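Step one of this worksheet: look at the structure below.
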Amino acid sequence: MITLSSYIVVSMALFTIGLLGVLLRRNVIVIYICLELMLNAATLALVAFSRYNNNLDGSIFVFFIITVAAAEVAVGLALVVALYKKRQTVQVSELTSLNN
Amino acid sequence: MWTEILFYIFSTLMIISALCVVFSRNVVNSALYMVVTLISMACLFVLLESYLLAILQILVYAGAVMVLFLFIIMLIDVEGNKKSKIDLMSLVSSLAVALFVSLGIGMLLGNSHFEVLTNLKLFPVQELPVYTGSMLSFATSAKSFGLILFSKYLLPFELAGILLLMAIVGVMVLSKVSAKTQMGSNKNQLTNGK
């Protein structure tokens with residue numbers, strides 16, 4: 001029997017894996033991909049709640065999350081390209097000019 | 001019975017490909033595993049009977065966002081595997097943080113709210129063909145989406161349009177600045193050549 005909590009457990013596992021990716025990886029683009037993974041975990045939880053309460057508000061929220069995530073990815077990747085043109089690197093361990 | 005089997009198949013596929021996104025050495029492989037994750041999430045949306053969101057996920061996320069990622073990966077010169085090894089200290093600390101986060105969410109689920117969650121039963125799929133008023137929200141999903149989007153959530157809809165316009169203008173501004181400096185350096189080269 002697939003209950004709501006099984007979907008929540010899957011969403012939680014996905015969120016934790018995305019968090020692990022953001023903390024572990026050193027490439028800026030892979031960090032960004034894992035950030036999108038965390039967003040997707042939240043959308044899965046929202047759609048599950050929307051289905052189990054027979055309410056469409058969660059799905060509308062997911063609609064706007066997808067829109068905002070697409071806009072954010074466009075702007076963020078433009079920033080990454082500008083950063084690469086300035087610094088010639090995308091490893092986070094070398095982009096440390098704000099330290100000290 | 002089939003919904004359970006399909007749920008287990010798609011959720012396992014999603015979690016395995018998410019692990020491959022995090023732990024693969026090549027950036028292109030990470031992006032492609034992310035596409036697999038997004039498609040299996042769309043299949044889970046279909047299992048949850050949100051057909052419009054499943055199609056939107058594939059069209060927008062897997063079709064536009066991940067293609068944009070792959071374009072940027074192709075633009076940026078990715079170094080080899082010499083710097084992608086993960087040292088032990090960051091691995092241990094990341095696993096500790098992930099464990100704490102999952103324990104926190106698990107405790108949130110295991111508290112008194114859990115009885116509320118188990119009382120909610122999934123509407124059995126075999127009984128859904130009669131689309132009465134209470135089940136109408138999932139019967140014709142695009143139509144009900146449109147009804148709600150233009151009546152109750154009209155303001156967020158318009159704001160999302162303005163946000164997309166700002167994103168377009170922002171991307172154009174961000175990619176224009178580097179073009180100006182390139183033009184400036186070309187002019188310098190021309191004057192120095194004379």
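In the structure tokens, the first chain shown is A, the next is B, and so on; residue numbers restart at 1 for each chain, and ligands run from 1 in the order shown.
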
Excluding same-chain residues fewer than 4 positions from stretch 34-51 of chain B, what lies within 6 Å of it counting only C-alpha atoms, as number ranges by chain? B: 10, 14, 17, 62

Please, could you write that set of residues out with C-alpha atoms as a short mmCIF file (atom, residue, chain, number, x, y, z; two decimals), in the first residue's frame?
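Result saved to result36.cif:
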```cif
data_model
loop_
_atom_site.label_atom_id
_atom_site.label_comp_id
_atom_site.auth_asym_id
_atom_site.auth_seq_id
_atom_site.Cartn_x
_atom_site.Cartn_y
_atom_site.Cartn_z
CA PHE B 10 10.62 4.55 -10.47
CA MET B 14 15.36 8.05 -9.28
CA SER B 17 20.46 8.14 -10.71
CA ALA B 62 14.45 17.96 -18.78
#
```

Contact set, chain A to chain B: 7 Å, only C-alpha atoms, as an NGL selection string: :A and (1-5 or 10 or 12 or 14 or 16-17 or 19-21 or 23-24 or 30 or 48 or 51-52 or 56 or 70-71 or 73-75 or 78-79)

Could you save those same residues with N, CA and C atoms as a PDB file, in the first residue's frame?
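Result written to result00.pdb:
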```pdb
ATOM      1  N   MET A   1       0.850  -1.199   0.000  1.00  0.00           N
ATOM      2  CA  MET A   1       0.000   0.000   0.000  1.00  0.00           C
ATOM      3  C   MET A   1       0.882   1.244   0.000  1.00  0.00           C
ATOM      4  N   ILE A   2       0.749   2.041  -1.005  1.00  0.00           N
ATOM      5  CA  ILE A   2       1.599   3.233  -1.113  1.00  0.00           C
ATOM      6  C   ILE A   2       0.887   4.369  -0.398  1.00  0.00           C
ATOM      7  N   THR A   3       1.402   4.749   0.756  1.00  0.00           N
ATOM      8  CA  THR A   3       0.788   5.842   1.499  1.00  0.00           C
ATOM      9  C   THR A   3       1.506   7.136   1.155  1.00  0.00           C
ATOM     10  N   LEU A   4       1.039   8.203   1.801  1.00  0.00           N
ATOM     11  CA  LEU A   4       1.679   9.497   1.592  1.00  0.00           C
ATOM     12  C   LEU A   4       3.101   9.484   2.120  1.00  0.00           C
ATOM     13  N   SER A   5       3.315   8.787   3.249  1.00  0.00           N
ATOM     14  CA  SER A   5       4.636   8.846   3.878  1.00  0.00           C
ATOM     15  C   SER A   5       5.707   8.178   3.019  1.00  0.00           C
ATOM     16  N   VAL A  10      10.721   9.233  -0.019  1.00  0.00           N
ATOM     17  CA  VAL A  10      11.475   9.337  -1.272  1.00  0.00           C
ATOM     18  C   VAL A  10      11.939  10.769  -1.484  1.00  0.00           C
ATOM     19  N   MET A  12      12.446  13.009   0.812  1.00  0.00           N
ATOM     20  CA  MET A  12      13.464  13.309   1.811  1.00  0.00           C
ATOM     21  C   MET A  12      14.813  12.724   1.392  1.00  0.00           C
ATOM     22  N   LEU A  14      15.825  12.110  -1.652  1.00  0.00           N
ATOM     23  CA  LEU A  14      16.320  12.897  -2.782  1.00  0.00           C
ATOM     24  C   LEU A  14      16.913  14.215  -2.310  1.00  0.00           C
ATOM     25  N   THR A  16      18.214  14.838   0.614  1.00  0.00           N
ATOM     26  CA  THR A  16      19.484  14.590   1.306  1.00  0.00           C
ATOM     27  C   THR A  16      20.602  14.313   0.309  1.00  0.00           C
ATOM     28  N   ILE A  17      20.285  13.581  -0.761  1.00  0.00           N
ATOM     29  CA  ILE A  17      21.312  13.314  -1.778  1.00  0.00           C
ATOM     30  C   ILE A  17      21.726  14.611  -2.457  1.00  0.00           C
ATOM     31  N   LEU A  19      21.638  17.609  -1.100  1.00  0.00           N
ATOM     32  CA  LEU A  19      22.428  18.337  -0.109  1.00  0.00           C
ATOM     33  C   LEU A  19      23.851  17.792  -0.060  1.00  0.00           C
ATOM     34  N   LEU A  20      23.978  16.472  -0.135  1.00  0.00           N
ATOM     35  CA  LEU A  20      25.301  15.849  -0.161  1.00  0.00           C
ATOM     36  C   LEU A  20      26.092  16.326  -1.372  1.00  0.00           C
ATOM     37  N   GLY A  21      25.418  16.437  -2.504  1.00  0.00           N
ATOM     38  CA  GLY A  21      26.091  16.895  -3.699  1.00  0.00           C
ATOM     39  C   GLY A  21      26.550  18.332  -3.609  1.00  0.00           C
ATOM     40  N   LEU A  23      27.364  19.891  -0.930  1.00  0.00           N
ATOM     41  CA  LEU A  23      28.474  20.016   0.021  1.00  0.00           C
ATOM     42  C   LEU A  23      29.760  19.397  -0.501  1.00  0.00           C
ATOM     43  N   LEU A  24      29.635  18.333  -1.311  1.00  0.00           N
ATOM     44  CA  LEU A  24      30.822  17.557  -1.637  1.00  0.00           C
ATOM     45  C   LEU A  24      31.545  18.015  -2.889  1.00  0.00           C
ATOM     46  N   VAL A  30      28.195  21.341 -11.202  1.00  0.00           N
ATOM     47  CA  VAL A  30      27.618  20.165 -10.543  1.00  0.00           C
ATOM     48  C   VAL A  30      26.912  20.585  -9.259  1.00  0.00           C
ATOM     49  N   ALA A  48       2.760  15.188  -3.990  1.00  0.00           N
ATOM     50  CA  ALA A  48       2.206  14.086  -3.197  1.00  0.00           C
ATOM     51  C   ALA A  48       1.158  14.602  -2.221  1.00  0.00           C
ATOM     52  N   ARG A  51      -2.007  15.547  -4.048  1.00  0.00           N
ATOM     53  CA  ARG A  51      -2.817  14.417  -4.468  1.00  0.00           C
ATOM     54  C   ARG A  51      -3.572  13.793  -3.305  1.00  0.00           C
ATOM     55  N   TYR A  52      -2.906  13.676  -2.176  1.00  0.00           N
ATOM     56  CA  TYR A  52      -3.524  12.983  -1.061  1.00  0.00           C
ATOM     57  C   TYR A  52      -4.551  13.822  -0.333  1.00  0.00           C
ATOM     58  N   LEU A  56      -5.790  21.200  -5.374  1.00  0.00           N
ATOM     59  CA  LEU A  56      -4.927  21.526  -6.506  1.00  0.00           C
ATOM     60  C   LEU A  56      -3.919  22.620  -6.183  1.00  0.00           C
ATOM     61  N   ALA A  70      13.404  27.656 -13.656  1.00  0.00           N
ATOM     62  CA  ALA A  70      13.922  27.852 -15.006  1.00  0.00           C
ATOM     63  C   ALA A  70      14.552  29.238 -15.153  1.00  0.00           C
ATOM     64  N   ALA A  71      13.877  30.275 -14.624  1.00  0.00           N
ATOM     65  CA  ALA A  71      14.433  31.627 -14.699  1.00  0.00           C
ATOM     66  C   ALA A  71      15.742  31.721 -13.919  1.00  0.00           C
ATOM     67  N   VAL A  73      17.855  29.301 -13.242  1.00  0.00           N
ATOM     68  CA  VAL A  73      18.932  28.574 -13.914  1.00  0.00           C
ATOM     69  C   VAL A  73      19.509  29.410 -15.040  1.00  0.00           C
ATOM     70  N   ALA A  74      18.641  30.117 -15.777  1.00  0.00           N
ATOM     71  CA  ALA A  74      19.141  30.948 -16.872  1.00  0.00           C
ATOM     72  C   ALA A  74      20.078  32.033 -16.354  1.00  0.00           C
ATOM     73  N   VAL A  75      19.619  32.755 -15.321  1.00  0.00           N
ATOM     74  CA  VAL A  75      20.449  33.841 -14.788  1.00  0.00           C
ATOM     75  C   VAL A  75      21.712  33.297 -14.134  1.00  0.00           C
ATOM     76  N   ALA A  78      24.264  32.309 -16.682  1.00  0.00           N
ATOM     77  CA  ALA A  78      24.909  33.480 -17.279  1.00  0.00           C
ATOM     78  C   ALA A  78      25.991  34.014 -16.346  1.00  0.00           C
ATOM     79  N   LEU A  79      25.697  33.995 -15.043  1.00  0.00           N
ATOM     80  CA  LEU A  79      26.697  34.401 -14.048  1.00  0.00           C
ATOM     81  C   LEU A  79      27.915  33.486 -14.086  1.00  0.00           C
TER      82      LEU A  79
END
```

Run DSSP on the backbone of this structure and report the residues of chain A it assigns to alpha helix (DSSP H), as a ChimeraX atom specification. /A:4-24,28-52,57-87

In Å, rounded to a single decimal, give me how far atom CA of A:Asn53 is from atom CA of B:Met107.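 Straight-line distance from atom CA of B:Met107 to atom CA of A:Asn53 works out to 22.1 Å.
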
Just the number, please: distance in Å from atom CA of A:Val28 to atom CA of A:Ile66, one decimal. 21.2 Å

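The coordinates place atom CA of A:Asn27 at 25.0 Å from atom CA of A:Thr67.
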